[in-house]
Amino acid sequence: MNRPVLALATTIALASAVHIAQRHLQHRQSLELAVHQDPGRMLEVATTHPDLDPIWVRSHPDHVKGDESGPLLMCQWWLEFWRTGLNLGTFTPAVLRQNAKNFMQDPTALKAWALSSHGRALQSRGRRDGMHVALLNAAFEEAGGPAQYPELELAPASAL
């Protein structure tokens, strides 16, 4: 084989590999988005009708009153939105760090993270989920969350 033909074959093979990798990433992102849409719709209904899903009250009866269910669900919605955005590459760690810092200024958000961080850490599916937990843990600690909720176990810190 002469050099120009070999160079052309190499270029075609490389372009094909890049195309396949891009298609695989797009497929994974589409699946992640599709999987996230149904819980998003459920959260939308639960947020507008918190009496239909008192999951926070049932899960944390010692810490959550009935009228907090809707606001806690809204916090949960934001947390899932950012987790999915980080997984899809829509949010960078720097953007999530800033959003988390602002989020933790709200007492309900602080409470939502205190109650859910450990479970989220246990359910992390990969490096980016772990990063999501670590970034929000850092914002939680910076906002004084551990002092406000010392009886709740904070999720273990992971990959920042």
# chains A, B, ... in the order shown; residues from 1 in each chain; ligands from 1

$ select_by_dssp --residues "stretch 52-157 of chain A" --states "helix (DSSP H, G or I)" --output "ChimeraX atom specification"
/A:52,55-59,66-88,93-103,107-122,127-142,145-148

$ residues_around --residues "stretch 117-126 of chain A" --least-positions-apart "2" --cutoff "12 Å" --atoms "only C-alpha atoms" --output "PyMOL selection string"
chain A and resi 32+59+76+79-80+83-84+86-87+109-115+128-141+145-146+152-159

$ atom_distance --atom1 "atom CA of A:Gln105" --atom2 "atom CA of A:Gln148"
12.7 Å

$ closest_residue --among "A:Asp67, A:Pro61, A:Ala143, A:Trp77" --to "A:Ala100" --atoms "only C-alpha atoms"
A:Ala143
